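Containing PDB, C-alpha atoms: coords-v6.pdb.
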```pdb
ATOM      1  CA  MET A   5       5.365  13.785 -10.465  1.00  0.00           C
ATOM      2  CA  LYS A   6       7.041  10.453 -11.138  1.00  0.00           C
ATOM      3  CA  SER A   7       5.292   7.723  -9.123  1.00  0.00           C
ATOM      4  CA  LEU A   8       5.877   4.056  -8.408  1.00  0.00           C
ATOM      5  CA  LEU A   9       3.771   1.412  -6.715  1.00  0.00           C
ATOM      6  CA  VAL A  10       5.663  -1.432  -5.086  1.00  0.00           C
ATOM      7  CA  LEU A  11       3.218  -4.316  -4.879  1.00  0.00           C
ATOM      8  CA  ILE A  12       2.903  -7.865  -3.621  1.00  0.00           C
ATOM      9  CA  SER A  13      -0.468  -9.412  -4.532  1.00  0.00           C
ATOM     10  CA  ILE A  14      -0.587 -13.166  -4.180  1.00  0.00           C
ATOM     11  CA  HIS A  15      -3.783 -15.004  -3.350  1.00  0.00           C
ATOM     12  CA  HIS A  16      -6.739 -13.379  -5.118  1.00  0.00           C
ATOM     13  CA  ASN A  17      -5.188 -10.211  -6.624  1.00  0.00           C
ATOM     14  CA  SER A  18      -7.158  -7.965  -4.261  1.00  0.00           C
ATOM     15  CA  SER A  19      -4.173  -5.678  -3.693  1.00  0.00           C
ATOM     16  CA  GLY A  20      -3.424  -5.843  -7.420  1.00  0.00           C
ATOM     17  CA  LYS A  21      -6.865  -4.405  -8.191  1.00  0.00           C
ATOM     18  CA  VAL A  22      -6.192  -1.544  -5.782  1.00  0.00           C
ATOM     19  CA  ALA A  23      -2.744  -0.941  -7.326  1.00  0.00           C
ATOM     20  CA  ASN A  24      -4.135  -0.941 -10.876  1.00  0.00           C
ATOM     21  CA  THR A  25      -6.662   1.725  -9.911  1.00  0.00           C
ATOM     22  CA  LEU A  26      -4.017   3.793  -8.101  1.00  0.00           C
ATOM     23  CA  SER A  27      -1.744   3.443 -11.117  1.00  0.00           C
ATOM     24  CA  LYS A  28      -4.323   4.886 -13.495  1.00  0.00           C
ATOM     25  CA  VAL A  29      -4.958   7.968 -11.363  1.00  0.00           C
ATOM     26  CA  LEU A  30      -1.321   8.560 -10.381  1.00  0.00           C
ATOM     27  CA  ASP A  31       0.118   7.530 -13.761  1.00  0.00           C
ATOM     28  CA  ALA A  32       2.406   5.219 -11.782  1.00  0.00           C
ATOM     29  CA  GLU A  33       4.456   2.196 -12.681  1.00  0.00           C
ATOM     30  CA  ILE A  34       3.831  -1.015 -10.720  1.00  0.00           C
ATOM     31  CA  LYS A  35       6.739  -3.252  -9.721  1.00  0.00           C
ATOM     32  CA  SER A  36       7.273  -6.054  -7.238  1.00  0.00           C
ATOM     33  CA  PRO A  37      10.049  -5.773  -4.638  1.00  0.00           C
ATOM     34  CA  GLN A  38      12.020  -8.314  -6.702  1.00  0.00           C
ATOM     35  CA  GLN A  39      11.852  -6.050  -9.771  1.00  0.00           C
ATOM     36  CA  ILE A  40      13.476  -3.008  -8.190  1.00  0.00           C
ATOM     37  CA  THR A  41      16.502  -2.205  -6.089  1.00  0.00           C
ATOM     38  CA  PRO A  42      16.238   0.061  -3.056  1.00  0.00           C
ATOM     39  CA  GLU A  43      18.446   2.635  -4.802  1.00  0.00           C
ATOM     40  CA  GLU A  44      16.123   2.752  -7.839  1.00  0.00           C
ATOM     41  CA  LEU A  45      13.326   4.046  -5.604  1.00  0.00           C
ATOM     42  CA  LEU A  46      15.253   7.321  -5.371  1.00  0.00           C
ATOM     43  CA  GLU A  47      14.268   8.016  -9.004  1.00  0.00           C
ATOM     44  CA  TYR A  48      10.617   8.532  -7.950  1.00  0.00           C
ATOM     45  CA  ASP A  49       8.899  11.525  -6.340  1.00  0.00           C
ATOM     46  CA  LEU A  50       6.226   9.355  -4.710  1.00  0.00           C
ATOM     47  CA  VAL A  51       6.354   5.655  -3.835  1.00  0.00           C
ATOM     48  CA  GLY A  52       3.380   3.591  -2.717  1.00  0.00           C
ATOM     49  CA  PHE A  53       4.073   0.396  -0.773  1.00  0.00           C
ATOM     50  CA  GLY A  54       1.297  -2.184  -0.711  1.00  0.00           C
ATOM     51  CA  SER A  55       0.236  -5.774  -0.236  1.00  0.00           C
ATOM     52  CA  GLY A  56      -2.322  -7.914   1.447  1.00  0.00           C
ATOM     53  CA  ILE A  57      -2.090  -8.168   5.210  1.00  0.00           C
ATOM     54  CA  TYR A  58      -0.610 -11.373   6.626  1.00  0.00           C
ATOM     55  CA  ASP A  59      -0.526 -11.951  10.387  1.00  0.00           C
ATOM     56  CA  GLN A  60      -1.238  -8.257  11.032  1.00  0.00           C
ATOM     57  CA  LYS A  61       1.460  -6.874   8.730  1.00  0.00           C
ATOM     58  CA  HIS A  62       2.408  -6.414   5.091  1.00  0.00           C
ATOM     59  CA  HIS A  63       4.028  -9.217   3.096  1.00  0.00           C
ATOM     60  CA  LYS A  64       7.559 -10.171   4.174  1.00  0.00           C
ATOM     61  CA  LEU A  65       9.123  -9.240   0.803  1.00  0.00           C
ATOM     62  CA  LEU A  66       7.778  -5.697   1.118  1.00  0.00           C
ATOM     63  CA  LEU A  67       9.056  -5.410   4.700  1.00  0.00           C
ATOM     64  CA  ASP A  68      12.453  -6.766   3.629  1.00  0.00           C
ATOM     65  CA  LEU A  69      12.645  -4.104   0.909  1.00  0.00           C
ATOM     66  CA  ALA A  70      11.829  -1.421   3.485  1.00  0.00           C
ATOM     67  CA  ASP A  71      14.625  -2.748   5.719  1.00  0.00           C
ATOM     68  CA  ASN A  72      17.101  -2.317   2.864  1.00  0.00           C
ATOM     69  CA  LEU A  73      16.096   1.198   1.813  1.00  0.00           C
ATOM     70  CA  PRO A  74      18.835   3.812   1.963  1.00  0.00           C
ATOM     71  CA  GLU A  75      18.444   6.738   4.347  1.00  0.00           C
ATOM     72  CA  VAL A  76      16.616   9.620   2.631  1.00  0.00           C
ATOM     73  CA  ASN A  77      15.424  13.154   3.329  1.00  0.00           C
ATOM     74  CA  ASN A  78      12.115  14.586   2.219  1.00  0.00           C
ATOM     75  CA  ARG A  79      11.022  11.551   0.178  1.00  0.00           C
ATOM     76  CA  LYS A  80       7.277  10.954  -0.030  1.00  0.00           C
ATOM     77  CA  ALA A  81       5.613   7.586   0.380  1.00  0.00           C
ATOM     78  CA  PHE A  82       2.195   6.157   1.035  1.00  0.00           C
ATOM     79  CA  ILE A  83       0.971   2.795   2.245  1.00  0.00           C
ATOM     80  CA  TYR A  84      -1.913   0.721   0.930  1.00  0.00           C
ATOM     81  CA  SER A  85      -3.309  -2.704   1.718  1.00  0.00           C
ATOM     82  CA  THR A  86      -6.190  -5.107   1.485  1.00  0.00           C
ATOM     83  CA  SER A  87      -7.223  -7.254   4.414  1.00  0.00           C
ATOM     84  CA  GLY A  88      -9.978  -9.467   5.742  1.00  0.00           C
ATOM     85  CA  VAL A  89     -11.265  -6.615   7.896  1.00  0.00           C
ATOM     86  CA  SER A  90     -11.461  -2.984   6.782  1.00  0.00           C
ATOM     87  CA  ARG A  91      -9.503  -0.506   8.848  1.00  0.00           C
ATOM     88  CA  LYS A  92      -9.502   3.262   8.994  1.00  0.00           C
ATOM     89  CA  PHE A  93      -6.279   5.237   9.279  1.00  0.00           C
ATOM     90  CA  ALA A  94      -6.609   8.761  10.549  1.00  0.00           C
ATOM     91  CA  GLY A  95      -3.435   9.115  12.506  1.00  0.00           C
ATOM     92  CA  GLU A  96      -4.799   6.821  15.195  1.00  0.00           C
ATOM     93  CA  LYS A  97      -2.462   4.113  16.338  1.00  0.00           C
ATOM     94  CA  SER A  98      -4.034   0.968  17.705  1.00  0.00           C
ATOM     95  CA  ILE A  99      -2.831  -2.452  18.657  1.00  0.00           C
ATOM     96  CA  ASP A 100      -4.367  -3.956  15.525  1.00  0.00           C
ATOM     97  CA  ASP A 101      -2.872  -1.428  13.091  1.00  0.00           C
ATOM     98  CA  PRO A 102      -1.450  -3.627  10.302  1.00  0.00           C
ATOM     99  CA  HIS A 103       0.395  -0.699   8.720  1.00  0.00           C
ATOM    100  CA  SER A 104       2.451   0.057  11.838  1.00  0.00           C
ATOM    101  CA  VAL A 105       5.397  -2.241  11.015  1.00  0.00           C
ATOM    102  CA  LEU A 106       5.841  -0.894   7.484  1.00  0.00           C
ATOM    103  CA  ARG A 107       5.142   2.701   8.553  1.00  0.00           C
ATOM    104  CA  GLU A 108       7.840   2.565  11.239  1.00  0.00           C
ATOM    105  CA  LYS A 109      10.369   1.100   8.802  1.00  0.00           C
ATOM    106  CA  LEU A 110       9.680   3.868   6.252  1.00  0.00           C
ATOM    107  CA  LEU A 111       9.795   6.625   8.860  1.00  0.00           C
ATOM    108  CA  SER A 112      13.070   5.273  10.263  1.00  0.00           C
ATOM    109  CA  LYS A 113      14.603   5.581   6.779  1.00  0.00           C
ATOM    110  CA  GLY A 114      13.507   9.216   6.448  1.00  0.00           C
ATOM    111  CA  TYR A 115      10.386   8.783   4.319  1.00  0.00           C
ATOM    112  CA  GLU A 116       7.390  11.019   4.918  1.00  0.00           C
ATOM    113  CA  VAL A 117       4.279   8.809   4.888  1.00  0.00           C
ATOM    114  CA  VAL A 118       1.769  11.240   3.393  1.00  0.00           C
ATOM    115  CA  ASP A 119      -1.320   8.983   3.544  1.00  0.00           C
ATOM    116  CA  GLU A 120      -2.572   5.418   3.959  1.00  0.00           C
ATOM    117  CA  PHE A 121      -5.369   3.332   2.449  1.00  0.00           C
ATOM    118  CA  ASN A 122      -6.960  -0.006   3.297  1.00  0.00           C
ATOM    119  CA  CYS A 123      -9.985  -1.854   2.007  1.00  0.00           C
ATOM    120  CA  VAL A 124     -11.288  -5.365   2.386  1.00  0.00           C
ATOM    121  CA  GLY A 125     -10.247  -8.093   0.000  1.00  0.00           C
ATOM    122  CA  PHE A 126     -11.378 -11.643  -0.633  1.00  0.00           C
ATOM    123  CA  ASN A 127     -10.014 -13.777   2.192  1.00  0.00           C
ATOM    124  CA  THR A 128      -9.654 -17.566   2.179  1.00  0.00           C
ATOM    125  CA  ASN A 129      -6.967 -17.858   4.841  1.00  0.00           C
ATOM    126  CA  SER A 130      -7.077 -20.482   7.568  1.00  0.00           C
ATOM    127  CA  PHE A 131     -10.495 -22.001   8.259  1.00  0.00           C
ATOM    128  CA  LEU A 132     -12.199 -19.531   5.894  1.00  0.00           C
ATOM    129  CA  LYS A 133     -11.229 -21.689   2.920  1.00  0.00           C
ATOM    130  CA  TYR A 134     -13.583 -24.392   4.236  1.00  0.00           C
ATOM    131  CA  ILE A 135     -16.590 -22.068   4.232  1.00  0.00           C
ATOM    132  CA  GLY A 136     -15.920 -20.344   0.889  1.00  0.00           C
ATOM    133  CA  GLY A 137     -14.005 -17.411   2.312  1.00  0.00           C
ATOM    134  CA  MET A 138     -15.225 -13.960   3.214  1.00  0.00           C
ATOM    135  CA  ASN A 139     -15.533 -10.744   1.240  1.00  0.00           C
ATOM    136  CA  ARG A 140     -16.000 -12.583  -2.059  1.00  0.00           C
ATOM    137  CA  GLY A 141     -15.876 -10.128  -4.955  1.00  0.00           C
ATOM    138  CA  ARG A 142     -13.988  -7.497  -2.991  1.00  0.00           C
ATOM    139  CA  PRO A 143     -12.598  -5.067  -3.690  1.00  0.00           C
ATOM    140  CA  ASN A 144     -15.701  -4.261  -5.703  1.00  0.00           C
ATOM    141  CA  THR A 145     -16.687  -1.286  -7.865  1.00  0.00           C
ATOM    142  CA  LYS A 146     -17.583   0.816  -4.829  1.00  0.00           C
ATOM    143  CA  ASP A 147     -14.254  -0.007  -3.144  1.00  0.00           C
ATOM    144  CA  LEU A 148     -12.352   0.918  -6.290  1.00  0.00           C
ATOM    145  CA  ARG A 149     -14.201   4.268  -6.437  1.00  0.00           C
ATOM    146  CA  HIS A 150     -12.846   4.883  -2.927  1.00  0.00           C
ATOM    147  CA  VAL A 151      -9.370   4.003  -4.225  1.00  0.00           C
ATOM    148  CA  GLU A 152      -9.783   6.585  -7.016  1.00  0.00           C
ATOM    149  CA  GLU A 153     -10.901   9.213  -4.491  1.00  0.00           C
ATOM    150  CA  PHE A 154      -7.932   8.368  -2.272  1.00  0.00           C
ATOM    151  CA  ALA A 155      -5.527   8.683  -5.216  1.00  0.00           C
ATOM    152  CA  GLN A 156      -7.007  12.047  -6.281  1.00  0.00           C
ATOM    153  CA  SER A 157      -6.655  13.312  -2.708  1.00  0.00           C
ATOM    154  CA  LEU A 158      -3.103  11.985  -2.573  1.00  0.00           C
ATOM    155  CA  LYS A 159      -2.207  13.847  -5.783  1.00  0.00           C
ATOM    156  CA  LYS A 160      -3.565  17.077  -4.332  1.00  0.00           C
ATOM    157  CA  THR A 161      -1.742  16.595  -1.034  1.00  0.00           C
ATOM    158  CA  VAL A 162       1.601  15.852  -2.664  1.00  0.00           C
ATOM    159  CA  SER A 163       1.356  18.645  -5.254  1.00  0.00           C
ATOM    160  CA  THR A 164       0.386  21.143  -2.519  1.00  0.00           C
ATOM    161  CA  GLN A 165       3.346  20.073  -0.375  1.00  0.00           C
ATOM    162  CA  ASP A 166       5.709  20.495  -3.313  1.00  0.00           C
ATOM    163  CA  GLU A 167       4.680  24.112  -3.946  1.00  0.00           C
TER
END
```
Would you write the structure of this file as C-alpha cells?
Amino acid sequence: MKSLLVLISIHHNSSGKVANTLSKVLDAEIKSPQQITPEELLEYDLVGFGSGIYDQKHHKLLLDLADNLPEVNNRKAFIYSTSGVSRKFAGEKSIDDPHSVLREKLLSKGYEVVDEFNCVGFNTNSFLKYIGGMNRGRPNTKDLRHVEEFAQSLKKTVSTQDE
C-alpha cells in the first residue's frame, strides 16, 4: 500500500510529531500541500490529510488543496489533527467538529474517509501566549502510542477493504 501524508505543521510541530509517527507505521511519505499537485495524489492508495486546527478547521492551505482535488472513485483517505482540546470522532457530527469542513470537501470529491484522529497539541494562540500556553509537551509519549495504535488499526481497515 503506497501511502502519503499531506501535512501543515506550523507553530510547535504538534501535528508534525503525529505525522512522523503515522509515517513510521504506514511507511508513508510526508509532503506539504505546496510540495504536491492534486493530480499526484492519485499515485497513492491511501492519503492522510492533517494539520493543527485553526478557528475550528484545518489550515487554509490544506483546505485549498482539497478544493482543487480532481474527482475520484474509490480513493481512500483519512484525516488527522492536533488541537487545543481533544475530540473524539466516532461518526458523531457535532457543531464543534473541526474535521467537518475538510471531511465534506474530501467526500464531495469522491474520497472515502476511512478514519479520523485527533489529539491535543501545545497551544499558545490568543491570550494563552500570555500565560505560557496550554498542553505543554503534547503530544507526549502516551499520545504518540495512541497515534501508533490508530495507524495499526488504519492499516488493518484499509487492507481488509482491499481484499
When the PyMOL selection byres ((chain A and resi 57) around 12) is applied to the file above, which residues end up in the set, as a PDB file with C-alpha atoms, keeping the file's coordinate frame?
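Writing done, so here's result_22.pdb:
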```
ATOM      1  CA  ILE A  12       2.903  -7.865  -3.621  1.00  0.00           C
ATOM      2  CA  SER A  13      -0.468  -9.412  -4.532  1.00  0.00           C
ATOM      3  CA  ILE A  14      -0.587 -13.166  -4.180  1.00  0.00           C
ATOM      4  CA  HIS A  15      -3.783 -15.004  -3.350  1.00  0.00           C
ATOM      5  CA  SER A  18      -7.158  -7.965  -4.261  1.00  0.00           C
ATOM      6  CA  SER A  19      -4.173  -5.678  -3.693  1.00  0.00           C
ATOM      7  CA  GLY A  54       1.297  -2.184  -0.711  1.00  0.00           C
ATOM      8  CA  SER A  55       0.236  -5.774  -0.236  1.00  0.00           C
ATOM      9  CA  GLY A  56      -2.322  -7.914   1.447  1.00  0.00           C
ATOM     10  CA  TYR A  58      -0.610 -11.373   6.626  1.00  0.00           C
ATOM     11  CA  ASP A  59      -0.526 -11.951  10.387  1.00  0.00           C
ATOM     12  CA  GLN A  60      -1.238  -8.257  11.032  1.00  0.00           C
ATOM     13  CA  LYS A  61       1.460  -6.874   8.730  1.00  0.00           C
ATOM     14  CA  HIS A  62       2.408  -6.414   5.091  1.00  0.00           C
ATOM     15  CA  HIS A  63       4.028  -9.217   3.096  1.00  0.00           C
ATOM     16  CA  LYS A  64       7.559 -10.171   4.174  1.00  0.00           C
ATOM     17  CA  LEU A  66       7.778  -5.697   1.118  1.00  0.00           C
ATOM     18  CA  LEU A  67       9.056  -5.410   4.700  1.00  0.00           C
ATOM     19  CA  ILE A  83       0.971   2.795   2.245  1.00  0.00           C
ATOM     20  CA  TYR A  84      -1.913   0.721   0.930  1.00  0.00           C
ATOM     21  CA  SER A  85      -3.309  -2.704   1.718  1.00  0.00           C
ATOM     22  CA  THR A  86      -6.190  -5.107   1.485  1.00  0.00           C
ATOM     23  CA  SER A  87      -7.223  -7.254   4.414  1.00  0.00           C
ATOM     24  CA  GLY A  88      -9.978  -9.467   5.742  1.00  0.00           C
ATOM     25  CA  VAL A  89     -11.265  -6.615   7.896  1.00  0.00           C
ATOM     26  CA  SER A  90     -11.461  -2.984   6.782  1.00  0.00           C
ATOM     27  CA  ARG A  91      -9.503  -0.506   8.848  1.00  0.00           C
ATOM     28  CA  ASP A 100      -4.367  -3.956  15.525  1.00  0.00           C
ATOM     29  CA  ASP A 101      -2.872  -1.428  13.091  1.00  0.00           C
ATOM     30  CA  PRO A 102      -1.450  -3.627  10.302  1.00  0.00           C
ATOM     31  CA  HIS A 103       0.395  -0.699   8.720  1.00  0.00           C
ATOM     32  CA  SER A 104       2.451   0.057  11.838  1.00  0.00           C
ATOM     33  CA  VAL A 105       5.397  -2.241  11.015  1.00  0.00           C
ATOM     34  CA  LEU A 106       5.841  -0.894   7.484  1.00  0.00           C
ATOM     35  CA  ASN A 122      -6.960  -0.006   3.297  1.00  0.00           C
ATOM     36  CA  CYS A 123      -9.985  -1.854   2.007  1.00  0.00           C
ATOM     37  CA  VAL A 124     -11.288  -5.365   2.386  1.00  0.00           C
ATOM     38  CA  GLY A 125     -10.247  -8.093   0.000  1.00  0.00           C
ATOM     39  CA  PHE A 126     -11.378 -11.643  -0.633  1.00  0.00           C
ATOM     40  CA  ASN A 127     -10.014 -13.777   2.192  1.00  0.00           C
ATOM     41  CA  ASN A 129      -6.967 -17.858   4.841  1.00  0.00           C
TER      42      ASN A 129
END
```
Item to complete: Identify, on the basis of all atoms listed in the file, every residue whose closest approach to range 111-121 of chain A does not exceed 9 Å; exclude the query and any residue fewer than 6 positions from it along the same chain; express the result as a count of residues only.
Response: 26
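With CA of Val22 in chain A on one side and CA of Pro143 in chain A on the other, the separation reads 7.6 Å.
Nearest residue to Thr164 in chain A, choosing from A:Pro42, A:Leu65, A:Met5, A:Ala23 and counting all atoms listed in the file: A:Met5.
The interatomic distance for the pair CA of Gln39 in chain A and CA of Asn17 in chain A works out to 17.8 Å.
Here CA of Thr145 in chain A is placed at a distance of 25.5 Å from CA of Leu50 in chain A.
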Just want the 8 Å neighbourhood of range 24-32 of chain A, counted on all atoms listed in the file, with same-chain residues fewer than 4 positions away dropped. Output as a short mmCIF file (atom, residue, chain, number, x, y, z; two decimals) with C-alpha atoms, in the frame of the given file.
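Listed below is the output, selection24.cif:
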```cif
data_model
loop_
_atom_site.label_atom_id
_atom_site.label_comp_id
_atom_site.auth_asym_id
_atom_site.auth_seq_id
_atom_site.Cartn_x
_atom_site.Cartn_y
_atom_site.Cartn_z
CA LYS A 6 7.04 10.45 -11.14
CA SER A 7 5.29 7.72 -9.12
CA LEU A 8 5.88 4.06 -8.41
CA LEU A 9 3.77 1.41 -6.72
CA GLY A 20 -3.42 -5.84 -7.42
CA LEU A 148 -12.35 0.92 -6.29
CA VAL A 151 -9.37 4.00 -4.22
CA GLU A 152 -9.78 6.58 -7.02
CA ALA A 155 -5.53 8.68 -5.22
CA GLN A 156 -7.01 12.05 -6.28
CA LYS A 159 -2.21 13.85 -5.78
#
```
